[in-house]
Amino acid sequence: YIKNQVNLYGIKRLMIITTSRGCPYHCVYCSSSAHWGSFRFHSVDYIIKEMDHLIKTYKVDGIIFWDDLFIAPKSRLLLLVEAIKKKGWDKTISFIGQARSNIADEDVIKALKSINTKRLSFGYESYSPKMLDYLKVRSVTVKHNIRTTKLCNKYKIDVTSGLIVGSPGETTKDLKITYNQMKKHPLDITNIYILTAYPGTKIWEYSKKINLVSD
């Protein structure tokens, strides 16, 4: 139960659920794949039962999907959206979640808006194509990030993102590219993080090779 977000979007009682474990992607900095192993997820029926329990037992009016990537796979998400509408929760519950820009197309954003999604968080990481390719292993492009911001603005969903600085090979020019794009495509919330090497990640192995960390 998240007390510090009371009254956020008018929500009085906000709780977290996770509908999956892990992530199908392998970004250089992310320990999720190392920690959880293969990506796996609950069925729509299971999720609806858990949500029903939270709503009836704790009288929540806000739910955060805390998965690394709750919108995957898309087919499951669209079924979940329909199940939520069937319950009538799109009119009584506010939703918040974490997503990914390369798969958050207009169908996904429109569907999430239809169930009263208030905010989506993305890992944009960098607006420098060079650094984004490095951090996300060429699975996301700057165009994906900008498209997602525009779609969230279009459907009036707050958009927030983390951006990473301090990556190997990053230059002042790369930082300026990100800074200029941040001004051009402003977000509702932006978090800046210094790249951190977590055990099991690709950046951990690189850091070991250059003696920045050790087992």
# chains A, B, ... in the order shown; residues from 1 in each chain; ligands from 1

$ residues_around --residues "Thr160 of chain A" --least-positions-apart "6" --cutoff "12 Å" --atoms "only C-alpha atoms" --output "PyMOL selection string"
chain A and resi 96-101+118-125+145+148-149+152-153+182+185-192

$ select_by_dssp --residues "segment 96-208 of chain A" --states "alpha helix (DSSP H)" --output "JSON, numbers by chain"
{"A": [106, 107, 108, 109, 110, 111, 112, 113, 114, 129, 130, 131, 132, 133, 134, 135, 136, 142, 143, 144, 145, 146, 147, 148, 149, 150, 151, 152, 153, 154, 172, 173, 174, 175, 176, 177, 178, 179, 180, 181, 182, 183, 184, 202, 203, 204, 205, 206, 207, 208]}

$ residues_around --residues "Leu135 of chain A" --least-positions-apart "3" --cutoff "12 Å" --atoms "only C-alpha atoms" --output "VMD selection string"
chain A and resid 25 to 30 123 to 132 138 to 141 163 to 170 195 to 196 201 to 203

$ write_last_selection --atoms "C-alpha atoms" --output "compact mmCIF listing (two decimals), in the first residue's frame"
# COMPACT_ATOMS: atom_id res chain seq x y z
CA TYR A 25 15.11 -8.16 -23.58
CA HIS A 26 18.71 -8.04 -22.38
CA CYS A 27 19.79 -4.42 -21.90
CA VAL A 28 23.42 -4.07 -20.79
CA TYR A 29 22.56 -2.47 -17.43
CA CYS A 30 19.46 -4.44 -16.39
CA GLY A 123 13.24 3.50 -20.07
CA TYR A 124 14.24 5.92 -22.82
CA GLU A 125 17.82 5.90 -21.41
CA SER A 126 19.32 8.24 -24.03
CA TYR A 127 18.37 10.26 -27.11
CA SER A 128 21.82 9.71 -28.58
CA PRO A 129 21.41 6.90 -31.16
CA LYS A 130 24.92 5.66 -30.39
CA MET A 131 24.33 5.39 -26.66
CA LEU A 132 20.81 4.02 -27.01
CA ARG A 138 19.73 -2.11 -30.66
CA SER A 139 16.24 -3.15 -29.57
CA VAL A 140 14.88 0.42 -29.30
CA THR A 141 15.40 3.50 -31.44
CA LEU A 163 17.69 8.55 -18.66
CA ILE A 164 21.16 7.10 -18.06
CA VAL A 165 24.43 9.02 -18.03
CA GLY A 166 27.99 7.79 -17.55
CA SER A 167 28.02 4.97 -20.11
CA PRO A 168 31.30 3.78 -21.66
CA GLY A 169 32.07 5.88 -24.73
CA GLU A 170 29.60 8.64 -23.89
CA LEU A 195 25.02 3.95 -14.97
CA THR A 196 25.50 1.34 -12.25
CA THR A 201 24.64 -7.71 -16.22
CA LYS A 202 26.74 -7.09 -19.32
CA ILE A 203 28.05 -3.83 -17.87

$ select_by_dssp --residues "segment 27-177 of chain A" --states "strand (DSSP E)" --output "PyMOL selection string"
chain A and resi 40-41+62-65+94-98+117-125+158-165

$ atom_distance --atom1 "atom CA of Gly22 of chain A" --atom2 "atom CA of Leu77 of chain A"
16.2 Å

$ residues_around --residues "Thr92 of chain A" --least-positions-apart "6" --cutoff "10 Å" --atoms "only C-alpha atoms" --output "list in words"
Ile55, Val60, Asp61, Gly62, Ile115 and Asn116 of chain A

$ write_last_selection --atoms "all heavy atoms" --output "PDB file, in the first residue's frame"
ATOM      1  N   ILE A  55      -9.336  -5.281  -4.861  1.00  0.00           N
ATOM      2  CA  ILE A  55     -10.423  -4.300  -4.922  1.00  0.00           C
ATOM      3  C   ILE A  55     -11.471  -4.578  -3.852  1.00  0.00           C
ATOM      4  O   ILE A  55     -11.926  -3.667  -3.140  1.00  0.00           O
ATOM      5  CB  ILE A  55     -11.045  -4.288  -6.330  1.00  0.00           C
ATOM      6  CG1 ILE A  55     -10.026  -3.725  -7.341  1.00  0.00           C
ATOM      7  CG2 ILE A  55     -12.331  -3.463  -6.349  1.00  0.00           C
ATOM      8  CD1 ILE A  55     -10.401  -3.975  -8.788  1.00  0.00           C
ATOM      9  N   VAL A  60      -9.244  -0.759  -2.958  1.00  0.00           N
ATOM     10  CA  VAL A  60      -8.312   0.090  -3.700  1.00  0.00           C
ATOM     11  C   VAL A  60      -9.026   0.747  -4.882  1.00  0.00           C
ATOM     12  O   VAL A  60      -9.967   0.192  -5.440  1.00  0.00           O
ATOM     13  CB  VAL A  60      -7.082  -0.711  -4.206  1.00  0.00           C
ATOM     14  CG1 VAL A  60      -6.343  -1.341  -3.035  1.00  0.00           C
ATOM     15  CG2 VAL A  60      -7.474  -1.753  -5.227  1.00  0.00           C
ATOM     16  N   ASP A  61      -8.559   1.933  -5.222  1.00  0.00           N
ATOM     17  CA  ASP A  61      -9.068   2.606  -6.415  1.00  0.00           C
ATOM     18  C   ASP A  61      -7.938   2.950  -7.379  1.00  0.00           C
ATOM     19  O   ASP A  61      -8.122   3.676  -8.344  1.00  0.00           O
ATOM     20  CB  ASP A  61      -9.870   3.857  -6.061  1.00  0.00           C
ATOM     21  CG  ASP A  61      -9.058   4.884  -5.273  1.00  0.00           C
ATOM     22  OD1 ASP A  61      -7.966   4.541  -4.794  1.00  0.00           O
ATOM     23  OD2 ASP A  61      -9.528   6.026  -5.137  1.00  0.00           O
ATOM     24  N   GLY A  62      -6.733   2.401  -7.090  1.00  0.00           N
ATOM     25  CA  GLY A  62      -5.593   2.578  -7.973  1.00  0.00           C
ATOM     26  C   GLY A  62      -4.691   1.354  -7.937  1.00  0.00           C
ATOM     27  O   GLY A  62      -4.459   0.785  -6.859  1.00  0.00           O
ATOM     28  N   ILE A 115      -8.846   1.964 -20.375  1.00  0.00           N
ATOM     29  CA  ILE A 115      -9.089   1.443 -19.026  1.00  0.00           C
ATOM     30  C   ILE A 115      -8.654   2.434 -17.948  1.00  0.00           C
ATOM     31  O   ILE A 115      -8.411   2.071 -16.799  1.00  0.00           O
ATOM     32  CB  ILE A 115      -8.410   0.074 -18.799  1.00  0.00           C
ATOM     33  CG1 ILE A 115      -6.901   0.161 -19.031  1.00  0.00           C
ATOM     34  CG2 ILE A 115      -9.053  -0.999 -19.677  1.00  0.00           C
ATOM     35  CD1 ILE A 115      -6.132  -1.065 -18.539  1.00  0.00           C
ATOM     36  N   ASN A 116      -8.533   3.697 -18.332  1.00  0.00           N
ATOM     37  CA  ASN A 116      -8.234   4.756 -17.366  1.00  0.00           C
ATOM     38  C   ASN A 116      -6.792   4.677 -16.845  1.00  0.00           C
ATOM     39  O   ASN A 116      -6.542   4.857 -15.644  1.00  0.00           O
ATOM     40  CB  ASN A 116      -9.220   4.729 -16.195  1.00  0.00           C
ATOM     41  CG  ASN A 116      -9.230   6.015 -15.391  1.00  0.00           C
ATOM     42  OD1 ASN A 116      -9.006   7.101 -15.942  1.00  0.00           O
ATOM     43  ND2 ASN A 116      -9.478   5.908 -14.096  1.00  0.00           N
TER      44      ASN A 116
END

$ closest_residue --among "A:Ala83, A:Ala34, A:Ile93, A:Val137" --to "Lys59 of chain A" --atoms "only C-alpha atoms"
A:Ile93

$ closest_residue --among "A:Asn102, A:Thr57, A:Ser114, A:Thr18" --to "Phe70 of chain A" --atoms "only C-alpha atoms"
A:Thr18

$ atom_distance --atom1 "atom CA of Ile157 of chain A" --atom2 "atom CA of Arg76 of chain A"
20.8 Å

$ atom_distance --atom1 "atom CA of Met51 of chain A" --atom2 "atom CA of Ile17 of chain A"
8.0 Å

$ residues_around --residues "Trp204 of chain A" --least-positions-apart "4" --cutoff "9 Å" --atoms "only C-alpha atoms" --output "ChimeraX atom specification"
/A:28-29,196-200,208-209,212-214

$ residues_around --residues "Ile63 of chain A" --least-positions-apart "4" --cutoff "6 Å" --atoms "only C-alpha atoms" --output "ChimeraX atom specification"
/A:14-16,95
